[in-house]
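Shown below: data-v7.cif, with mmCIF, C-alpha atoms.
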data_entry
#
loop_
_atom_site.label_atom_id
_atom_site.label_comp_id
_atom_site.auth_asym_id
_atom_site.auth_seq_id
_atom_site.Cartn_x
_atom_site.Cartn_y
_atom_site.Cartn_z
CA MET T 28 0.00 0.00 0.00
CA ARG T 29 1.30 3.44 -0.90
CA SER T 30 2.40 5.37 2.19
CA ASP T 31 0.77 8.76 2.77
CA ARG T 32 4.16 10.04 3.94
CA ARG T 33 5.46 9.77 0.41
CA HIS T 34 3.03 12.41 -0.78
CA LEU T 35 4.70 14.97 1.48
CA LEU T 36 7.85 14.77 -0.65
CA LEU T 37 6.44 17.41 -2.94
CA GLY T 38 8.35 20.13 -1.18
CA GLY T 39 8.44 23.66 -2.53
CA ALA T 40 8.00 22.26 -5.78
CA ALA T 41 5.40 20.21 -5.04
CA ALA T 42 2.47 22.04 -5.94
CA LEU T 43 2.51 21.65 -9.67
CA VAL T 44 0.26 20.97 -12.81
CA ALA T 45 -0.27 19.29 -16.13
CA ALA T 46 2.05 19.58 -19.11
CA VAL T 47 3.40 22.95 -20.24
CA VAL T 48 2.83 23.75 -23.91
CA LEU T 49 5.60 25.70 -25.62
CA ARG T 50 4.94 28.44 -28.13
CA PRO T 51 3.95 27.05 -31.51
CA GLY T 52 7.08 26.24 -33.45
CA ALA T 53 9.39 26.84 -30.50
CA ALA T 54 12.28 24.39 -30.31
CA LEU T 55 13.15 22.62 -27.09
CA ALA T 56 16.76 23.64 -26.42
CA LEU T 57 16.81 21.83 -23.08
CA THR T 58 18.74 18.56 -23.17
CA GLU T 59 18.21 15.42 -21.13
CA ASP T 60 21.56 15.89 -19.38
CA GLN T 61 20.66 19.47 -18.43
CA ALA T 62 17.32 18.35 -17.00
CA LYS T 63 18.98 15.59 -14.99
CA SER T 64 21.56 18.05 -13.69
CA LEU T 65 18.83 20.49 -12.59
CA ILE T 66 16.97 17.85 -10.60
CA GLY T 67 20.20 16.55 -9.07
CA LYS T 68 21.06 20.05 -7.84
CA ALA T 69 17.54 20.67 -6.57
CA VAL T 70 17.52 17.48 -4.52
CA THR T 71 20.97 18.23 -3.11
CA ASP T 72 19.94 21.73 -2.06
CA VAL T 73 16.72 20.49 -0.43
CA ASN T 74 18.70 17.95 1.57
CA THR T 75 21.10 20.70 2.63
CA ALA T 76 18.18 22.82 3.84
CA ILE T 77 16.78 19.91 5.83
CA ALA T 78 20.19 19.22 7.40
CA SER T 79 20.71 22.89 8.30
CA GLY T 80 18.97 22.43 11.64
CA LYS T 81 16.69 25.39 10.96
CA THR T 82 13.01 25.16 11.86
CA GLY T 83 9.88 27.23 11.50
CA PRO T 84 9.94 30.44 9.43
CA ALA T 85 13.70 30.23 8.84
CA LEU T 86 13.33 26.80 7.22
CA TYR T 87 10.24 27.87 5.26
CA THR T 88 12.20 30.81 3.85
CA MET T 89 14.93 28.44 2.67
CA PHE T 90 12.35 26.26 0.91
CA GLU T 91 10.70 29.28 -0.68
CA ASP T 92 14.07 30.39 -2.04
CA LEU T 93 14.67 26.91 -3.48
CA TYR T 94 11.18 26.84 -4.95
CA MET T 95 11.87 30.13 -6.74
CA GLN T 96 15.24 28.86 -7.95
CA TYR T 97 14.22 25.50 -9.40
CA ALA T 98 10.47 25.67 -10.13
CA ASP T 99 8.55 27.55 -12.81
CA VAL T 100 6.41 29.25 -10.19
CA PRO T 101 4.31 31.52 -12.48
CA THR T 102 3.34 28.58 -14.68
CA ILE T 103 2.55 26.41 -11.66
CA ALA T 104 0.46 29.14 -10.01
CA ARG T 105 -1.55 29.82 -13.16
CA SER T 106 -2.13 26.11 -13.68
CA VAL T 107 -3.30 25.34 -10.15
CA LEU T 108 -5.64 28.33 -10.23
CA GLY T 109 -7.35 26.71 -13.22
CA THR T 110 -10.29 28.48 -14.85
CA ALA T 111 -10.13 31.35 -12.34
CA ALA T 112 -6.84 32.40 -13.93
CA ARG T 113 -8.70 33.31 -17.13
CA THR T 114 -10.57 36.19 -15.49
CA ALA T 115 -7.92 37.23 -12.96
CA SER T 116 -6.30 40.61 -13.52
CA PRO T 117 -2.51 40.83 -13.86
CA ALA T 118 -2.36 42.28 -10.34
CA GLN T 119 -4.42 39.41 -8.96
CA MET T 120 -2.25 36.83 -10.70
CA GLN T 121 0.87 38.43 -9.26
CA ALA T 122 -0.66 38.50 -5.77
CA PHE T 123 -1.87 34.91 -6.06
CA THR T 124 1.53 33.70 -7.25
CA LEU T 125 3.25 35.30 -4.25
CA ALA T 126 0.65 33.98 -1.79
CA PHE T 127 0.69 30.49 -3.29
CA ARG T 128 4.50 30.39 -3.21
CA GLY T 129 4.56 31.15 0.49
CA TYR T 130 1.70 28.75 1.20
CA VAL T 131 3.47 25.86 -0.51
CA SER T 132 6.74 26.60 1.27
CA ARG T 133 5.05 26.52 4.68
CA LYS T 134 2.82 23.58 3.85
CA TYR T 135 5.63 21.24 2.86
CA GLY T 136 8.61 22.85 4.56
CA LYS T 137 7.30 22.06 8.04
CA ARG T 138 7.08 18.35 7.17
CA PHE T 139 10.36 17.92 5.34
CA ARG T 140 12.46 17.22 8.41
CA GLU T 141 10.73 13.84 8.53
CA PHE T 142 12.54 12.95 5.32
CA SER T 143 16.09 13.92 6.23
CA ALA T 144 17.32 10.37 5.55
CA THR T 145 15.58 10.06 2.20
CA ARG T 146 17.89 9.66 -0.81
CA PHE T 147 17.02 10.33 -4.44
CA GLU T 148 18.88 8.63 -7.28
CA VAL T 149 18.43 10.13 -10.75
CA VAL T 150 18.33 7.17 -13.12
CA GLY T 151 17.33 8.57 -16.50
CA ALA T 152 15.59 11.16 -18.63
CA ARG T 153 13.57 11.25 -21.83
CA LYS T 154 11.90 13.83 -24.03
CA VAL T 155 8.11 13.86 -23.74
CA LYS T 156 6.45 16.21 -26.24
CA THR T 157 7.60 19.69 -25.15
CA PHE T 158 9.43 18.84 -21.94
CA ILE T 159 11.97 16.46 -20.42
CA GLU T 160 10.85 13.84 -17.93
CA VAL T 161 13.53 12.98 -15.38
CA LYS T 162 13.14 9.67 -13.60
CA SER T 163 14.42 9.22 -10.07
CA ILE T 164 14.14 6.57 -7.39
CA ALA T 165 13.48 7.64 -3.81
CA TYR T 166 14.92 5.58 -0.97
CA MET T 167 13.13 6.28 2.31
CA PRO T 168 13.99 4.38 5.49
CA GLY T 169 11.32 1.83 6.29
CA GLU T 170 9.76 2.07 2.82
CA ALA T 171 10.26 0.18 -0.42
CA PRO T 172 12.02 2.32 -3.07
CA PHE T 173 9.54 4.22 -5.23
CA GLU T 174 9.57 6.21 -8.46
CA VAL T 175 9.42 9.98 -8.66
CA LEU T 176 9.17 11.65 -12.07
CA TRP T 177 10.06 15.32 -12.57
CA HIS T 178 8.85 17.36 -15.56
CA VAL T 179 11.37 19.97 -16.69
CA SER T 180 10.90 22.69 -19.31
CA ASP T 181 12.79 25.71 -20.65
CA LYS T 182 9.62 27.56 -21.68
CA SER T 183 10.25 30.34 -19.18
CA GLY T 184 13.70 31.01 -20.64
CA LYS T 185 15.35 29.00 -17.86
CA ASN T 186 15.56 25.29 -17.13
CA LEU T 187 12.92 24.73 -14.42
CA PHE T 188 10.68 21.91 -13.23
CA PHE T 189 6.92 22.32 -13.21
CA ASN T 190 5.52 19.02 -12.00
CA MET T 191 6.23 15.87 -10.01
CA ILE T 192 4.58 12.49 -10.34
CA ILE T 193 4.99 10.22 -7.32
CA GLU T 194 4.04 6.62 -8.00
CA GLY T 195 1.58 7.71 -10.66
CA VAL T 196 0.06 10.53 -8.57
CA ASN T 197 0.23 13.82 -10.47
CA MET T 198 1.01 16.35 -7.76
CA LEU T 199 0.26 19.35 -9.96
CA ALA T 200 -3.23 18.06 -10.65
CA ALA T 201 -3.68 17.35 -6.94
CA GLU T 202 -2.82 20.94 -6.04
CA ARG T 203 -5.19 22.21 -8.73
CA THR T 204 -8.02 20.20 -7.17
CA GLU T 205 -7.22 21.54 -3.69
CA ILE T 206 -6.99 25.17 -4.78
CA GLY T 207 -10.16 24.74 -6.84
CA ALA T 208 -12.02 23.53 -3.77
CA MET T 209 -10.69 26.46 -1.76
CA ILE T 210 -11.87 29.05 -4.27
CA ASP T 211 -15.25 27.32 -4.61
CA ALA T 212 -15.66 27.54 -0.83
CA ARG T 213 -15.16 31.30 -1.19
CA ARG T 214 -17.75 31.54 -3.98
CA GLY T 215 -15.07 32.40 -6.53
CA ASN T 216 -13.69 35.32 -4.55
CA LEU T 217 -10.05 35.29 -5.65
CA ASP T 218 -9.05 38.21 -3.44
CA GLN T 219 -10.34 36.34 -0.38
CA LEU T 220 -8.42 33.21 -1.42
CA ILE T 221 -5.24 35.25 -1.78
CA ALA T 222 -5.71 36.78 1.66
CA ASP T 223 -6.34 33.38 3.25
CA LEU T 224 -3.35 31.73 1.54
CA LYS T 225 -1.06 34.34 3.05
CA THR T 226 -1.70 32.96 6.53
CA ALA T 227 -2.64 29.34 5.74
CA GLN T 228 -0.35 26.64 7.12
#

Will you turn the file into structure tokens for me?
Amino acid sequence: MRSDRRHLLLGGAAALVAAVVLRPGAALALTEDQAKSLIGKAVTDVNTAIASGKTGPALYTMFEDLYMQYADVPTIARSVLGTAARTASPAQMQAFTLAFRGYVSRKYGKRFREFSATRFEVVGARKVKTFIEVKSIAYMPGEAPFEVLWHVSDKSGKNLFFNMIIEGVNMLAAERTEIGAMIDARRGNLDQLIADLKTAQ
């Protein structure tokens, strides 16, 4: 049976969506080796943050910085907001992106110390349509090794990841469902959602 603890490995990245579509005719300059290198560095930096001994806001800040460095945050934020993003003003999208970034960092950062002994091994990469899928194996004490896939794109002008799939569970889609439920509970009031995300744990 899949352990619920594995789902907490999303980290600052975690919070991601379905596939990113590049501009029509745009070539994918990103290579498989570059994508593998990005994920290797991201995992190393997350482990360093966990081992830093920091807790609370100090640790959340470290995760937020890593999220900004390795994840395509604007794309992720727009994707998890779903249909509400179509009517959001530029100012609302900017505010939501900032609030969502902090929310994700707190949400997963406070649980990451539980995974300080987890080891990721990057074992391959392949081109999938307009992005590179990096395959890794996670080794968590007390658990059987399990597969984690990372979706990496250069659409933003930088090599960044925008989704994780843990044992077949699309974490970007999961975050979209959660945020969708939150905005429905607020009768579509995006400003209220933004305000609530700023303090949500």

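When you apply the PyMOL selection byres ((chain T and resi 181) around 8) to this structure, what comes back is Leu55, Ala56, Leu57, Phe158, Val179, Ser180, Lys182, Ser183, Gly184, Lys185, Asn186 and Leu187 of chain T.
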
Once the PyMOL selection byres ((chain T and resi 86-96) around 6) has been evaluated on this model, what residues remain selected, and can you format them as a short mmCIF file (atom, residue, chain, number, x, y, z; two decimals) with C-alpha atoms, keeping the file's coordinate frame?
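File written: expr23.cif
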data_model
loop_
_atom_site.label_atom_id
_atom_site.label_comp_id
_atom_site.auth_asym_id
_atom_site.auth_seq_id
_atom_site.Cartn_x
_atom_site.Cartn_y
_atom_site.Cartn_z
CA GLY T 39 8.44 23.66 -2.53
CA ALA T 40 8.00 22.26 -5.78
CA LYS T 81 16.69 25.39 10.96
CA THR T 82 13.01 25.16 11.86
CA GLY T 83 9.88 27.23 11.50
CA PRO T 84 9.94 30.44 9.43
CA ALA T 85 13.70 30.23 8.84
CA TYR T 97 14.22 25.50 -9.40
CA ALA T 98 10.47 25.67 -10.13
CA SER T 132 6.74 26.60 1.27
CA ARG T 133 5.05 26.52 4.68
CA GLY T 136 8.61 22.85 4.56
#

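Nearest residue to T:Ile164, choosing from T:Ala118, T:Val70, T:Met198, T:Ile221 and counting all atoms listed in the file: T:Val70.
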
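Closest approach to T:Thr204 among T:Ala227, T:Val107, T:Val131, T:Leu220 is made by T:Val107 (distances from only C-alpha atoms).
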
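Atom CA of T:Trp177 sits 28.5 Å away from atom CA of T:Thr226.
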
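A straight line drawn from atom CA of T:Arg146 to atom CA of T:Asp60 is 19.9 Å long.
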
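A straight line drawn from atom CA of T:Lys162 to atom CA of T:Val73 is 17.4 Å long.
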
Distance query 9 Å from (2.4, 7.1, -8.2) using all atoms listed in the file, result as a PDB file with C-alpha atoms, in the coordinates of the input:
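Result file is result_25.pdb:
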ATOM      1  CA  ARG T  29       1.300   3.440  -0.900  1.00  0.00           C
ATOM      2  CA  PHE T 173       9.540   4.220  -5.230  1.00  0.00           C
ATOM      3  CA  GLU T 174       9.570   6.210  -8.460  1.00  0.00           C
ATOM      4  CA  VAL T 175       9.420   9.980  -8.660  1.00  0.00           C
ATOM      5  CA  ILE T 192       4.580  12.490 -10.340  1.00  0.00           C
ATOM      6  CA  ILE T 193       4.990  10.220  -7.320  1.00  0.00           C
ATOM      7  CA  GLU T 194       4.040   6.620  -8.000  1.00  0.00           C
ATOM      8  CA  GLY T 195       1.580   7.710 -10.660  1.00  0.00           C
ATOM      9  CA  VAL T 196       0.060  10.530  -8.570  1.00  0.00           C
ATOM     10  CA  ASN T 197       0.230  13.820 -10.470  1.00  0.00           C
TER      11      ASN T 197
END

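The closest residue to T:Asn190, picked from T:His178, T:Arg105, T:Lys63, T:Arg128 and counting only C-alpha atoms, is T:His178.
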
message: Selection in question (the file shown): the PyMOL selection byres ((chain T and resi 125-127) around 9). Which residues does it include, as a PyMOL selection string?
response: chain T and resi 104+120-124+128-132+221-226

Report, as AutoDock Vina command-line options, the axis-aligned box around all atoms of stretch 202-205 of chain T present in the file, extended by 4 Å on each side; give centre and edge lengths in Å to one decimal place.
--center_x -5.4 --center_y 21.2 --center_z -6.2 --size_x 13.2 --size_y 10.0 --size_z 13.0

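Checking T:Gln219, T:Thr58, T:Asn74, T:Ser163 one by one against T:Val150, counting all atoms listed in the file, you find the shortest gap at T:Ser163.
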
- request: Name the residues in contact with T:Gly109 at a cut-off of 9 Å, using all atoms listed in the file, excluding same-chain residues fewer than 6 positions from it; report them as a list in words.
  value: Arg203, Thr204, Ile206 and Gly207 of chain T

Could you write stretch 84-95 of chain T as a PDB file, in the coordinates of the input, with all heavy atoms rebuilt where they are missing?
ATOM      1  N   PRO T  84       9.834  29.467  10.519  1.00  0.00           N
ATOM      2  CA  PRO T  84       9.940  30.440   9.430  1.00  0.00           C
ATOM      3  C   PRO T  84      11.295  30.449   8.725  1.00  0.00           C
ATOM      4  O   PRO T  84      11.347  30.674   7.518  1.00  0.00           O
ATOM      5  CB  PRO T  84       9.679  31.775  10.139  1.00  0.00           C
ATOM      6  CG  PRO T  84       8.788  31.407  11.289  1.00  0.00           C
ATOM      7  CD  PRO T  84       9.296  30.069  11.756  1.00  0.00           C
ATOM      8  N   ALA T  85      12.376  30.229   9.467  1.00  0.00           N
ATOM      9  CA  ALA T  85      13.700  30.230   8.840  1.00  0.00           C
ATOM     10  C   ALA T  85      13.820  29.115   7.811  1.00  0.00           C
ATOM     11  O   ALA T  85      14.364  29.305   6.719  1.00  0.00           O
ATOM     12  CB  ALA T  85      14.785  30.096   9.902  1.00  0.00           C
ATOM     13  N   LEU T  86      13.292  27.931   8.151  1.00  0.00           N
ATOM     14  CA  LEU T  86      13.330  26.800   7.220  1.00  0.00           C
ATOM     15  C   LEU T  86      12.366  27.045   6.053  1.00  0.00           C
ATOM     16  O   LEU T  86      12.706  26.752   4.901  1.00  0.00           O
ATOM     17  CB  LEU T  86      12.944  25.507   7.934  1.00  0.00           C
ATOM     18  CG  LEU T  86      12.963  24.233   7.074  1.00  0.00           C
ATOM     19  CD1 LEU T  86      14.355  23.970   6.527  1.00  0.00           C
ATOM     20  CD2 LEU T  86      12.479  23.038   7.878  1.00  0.00           C
ATOM     21  N   TYR T  87      11.200  27.608   6.330  1.00  0.00           N
ATOM     22  CA  TYR T  87      10.240  27.870   5.260  1.00  0.00           C
ATOM     23  C   TYR T  87      10.818  28.845   4.248  1.00  0.00           C
ATOM     24  O   TYR T  87      10.595  28.712   3.042  1.00  0.00           O
ATOM     25  CB  TYR T  87       8.932  28.439   5.820  1.00  0.00           C
ATOM     26  CG  TYR T  87       8.313  27.623   6.929  1.00  0.00           C
ATOM     27  CD1 TYR T  87       7.438  28.200   7.845  1.00  0.00           C
ATOM     28  CD2 TYR T  87       8.608  26.261   7.073  1.00  0.00           C
ATOM     29  CE1 TYR T  87       6.863  27.464   8.862  1.00  0.00           C
ATOM     30  CE2 TYR T  87       8.037  25.515   8.097  1.00  0.00           C
ATOM     31  CZ  TYR T  87       7.180  26.115   8.983  1.00  0.00           C
ATOM     32  OH  TYR T  87       6.621  25.387  10.004  1.00  0.00           O
ATOM     33  N   THR T  88      11.572  29.838   4.742  1.00  0.00           N
ATOM     34  CA  THR T  88      12.200  30.810   3.850  1.00  0.00           C
ATOM     35  C   THR T  88      13.209  30.128   2.935  1.00  0.00           C
ATOM     36  O   THR T  88      13.298  30.443   1.737  1.00  0.00           O
ATOM     37  CB  THR T  88      12.893  31.921   4.658  1.00  0.00           C
ATOM     38  OG1 THR T  88      11.907  32.646   5.396  1.00  0.00           O
ATOM     39  CG2 THR T  88      13.623  32.892   3.737  1.00  0.00           C
ATOM     40  N   MET T  89      13.963  29.176   3.485  1.00  0.00           N
ATOM     41  CA  MET T  89      14.930  28.440   2.670  1.00  0.00           C
ATOM     42  C   MET T  89      14.211  27.657   1.575  1.00  0.00           C
ATOM     43  O   MET T  89      14.649  27.648   0.411  1.00  0.00           O
ATOM     44  CB  MET T  89      15.748  27.481   3.541  1.00  0.00           C
ATOM     45  CG  MET T  89      16.691  28.163   4.509  1.00  0.00           C
ATOM     46  SD  MET T  89      17.710  26.977   5.459  1.00  0.00           S
ATOM     47  CE  MET T  89      18.817  26.392   4.148  1.00  0.00           C
ATOM     48  N   PHE T  90      13.097  27.014   1.915  1.00  0.00           N
ATOM     49  CA  PHE T  90      12.350  26.260   0.910  1.00  0.00           C
ATOM     50  C   PHE T  90      11.743  27.180  -0.137  1.00  0.00           C
ATOM     51  O   PHE T  90      11.701  26.843  -1.321  1.00  0.00           O
ATOM     52  CB  PHE T  90      11.261  25.431   1.585  1.00  0.00           C
ATOM     53  CG  PHE T  90      11.760  24.132   2.127  1.00  0.00           C
ATOM     54  CD1 PHE T  90      11.769  23.886   3.482  1.00  0.00           C
ATOM     55  CD2 PHE T  90      12.254  23.141   1.288  1.00  0.00           C
ATOM     56  CE1 PHE T  90      12.249  22.697   3.999  1.00  0.00           C
ATOM     57  CE2 PHE T  90      12.739  21.946   1.785  1.00  0.00           C
ATOM     58  CZ  PHE T  90      12.731  21.715   3.149  1.00  0.00           C
ATOM     59  N   GLU T  91      11.273  28.341   0.282  1.00  0.00           N
ATOM     60  CA  GLU T  91      10.700  29.280  -0.680  1.00  0.00           C
ATOM     61  C   GLU T  91      11.765  29.746  -1.659  1.00  0.00           C
ATOM     62  O   GLU T  91      11.517  29.862  -2.868  1.00  0.00           O
ATOM     63  CB  GLU T  91      10.077  30.467   0.049  1.00  0.00           C
ATOM     64  CG  GLU T  91       9.334  31.406  -0.886  1.00  0.00           C
ATOM     65  CD  GLU T  91       8.491  32.424  -0.141  1.00  0.00           C
ATOM     66  OE1 GLU T  91       8.471  32.386   1.113  1.00  0.00           O
ATOM     67  OE2 GLU T  91       7.849  33.254  -0.806  1.00  0.00           O
ATOM     68  N   ASP T  92      12.970  29.991  -1.162  1.00  0.00           N
ATOM     69  CA  ASP T  92      14.070  30.390  -2.040  1.00  0.00           C
ATOM     70  C   ASP T  92      14.397  29.290  -3.044  1.00  0.00           C
ATOM     71  O   ASP T  92      14.657  29.562  -4.234  1.00  0.00           O
ATOM     72  CB  ASP T  92      15.318  30.724  -1.218  1.00  0.00           C
ATOM     73  CG  ASP T  92      15.168  32.018  -0.426  1.00  0.00           C
ATOM     74  OD1 ASP T  92      14.263  32.809  -0.752  1.00  0.00           O
ATOM     75  OD2 ASP T  92      15.952  32.231   0.522  1.00  0.00           O
ATOM     76  N   LEU T  93      14.387  28.035  -2.580  1.00  0.00           N
ATOM     77  CA  LEU T  93      14.670  26.910  -3.480  1.00  0.00           C
ATOM     78  C   LEU T  93      13.554  26.739  -4.495  1.00  0.00           C
ATOM     79  O   LEU T  93      13.805  26.419  -5.664  1.00  0.00           O
ATOM     80  CB  LEU T  93      14.853  25.621  -2.665  1.00  0.00           C
ATOM     81  CG  LEU T  93      16.090  25.559  -1.774  1.00  0.00           C
ATOM     82  CD1 LEU T  93      16.085  24.275  -0.947  1.00  0.00           C
ATOM     83  CD2 LEU T  93      17.354  25.641  -2.611  1.00  0.00           C
ATOM     84  N   TYR T  94      12.328  26.942  -4.050  1.00  0.00           N
ATOM     85  CA  TYR T  94      11.180  26.840  -4.950  1.00  0.00           C
ATOM     86  C   TYR T  94      11.310  27.854  -6.085  1.00  0.00           C
ATOM     87  O   TYR T  94      11.100  27.536  -7.267  1.00  0.00           O
ATOM     88  CB  TYR T  94       9.919  27.084  -4.137  1.00  0.00           C
ATOM     89  CG  TYR T  94       8.629  26.740  -4.842  1.00  0.00           C
ATOM     90  CD1 TYR T  94       8.521  25.649  -5.696  1.00  0.00           C
ATOM     91  CD2 TYR T  94       7.489  27.512  -4.625  1.00  0.00           C
ATOM     92  CE1 TYR T  94       7.325  25.337  -6.314  1.00  0.00           C
ATOM     93  CE2 TYR T  94       6.282  27.198  -5.234  1.00  0.00           C
ATOM     94  CZ  TYR T  94       6.215  26.119  -6.089  1.00  0.00           C
ATOM     95  OH  TYR T  94       5.023  25.809  -6.699  1.00  0.00           O
ATOM     96  N   MET T  95      11.693  29.078  -5.745  1.00  0.00           N
ATOM     97  CA  MET T  95      11.870  30.130  -6.740  1.00  0.00           C
ATOM     98  C   MET T  95      13.030  29.802  -7.683  1.00  0.00           C
ATOM     99  O   MET T  95      13.008  30.151  -8.866  1.00  0.00           O
ATOM    100  CB  MET T  95      12.117  31.465  -6.054  1.00  0.00           C
ATOM    101  CG  MET T  95      10.919  31.994  -5.280  1.00  0.00           C
ATOM    102  SD  MET T  95      11.352  33.444  -4.265  1.00  0.00           S
ATOM    103  CE  MET T  95      11.910  34.574  -5.540  1.00  0.00           C
TER     104      MET T  95
END
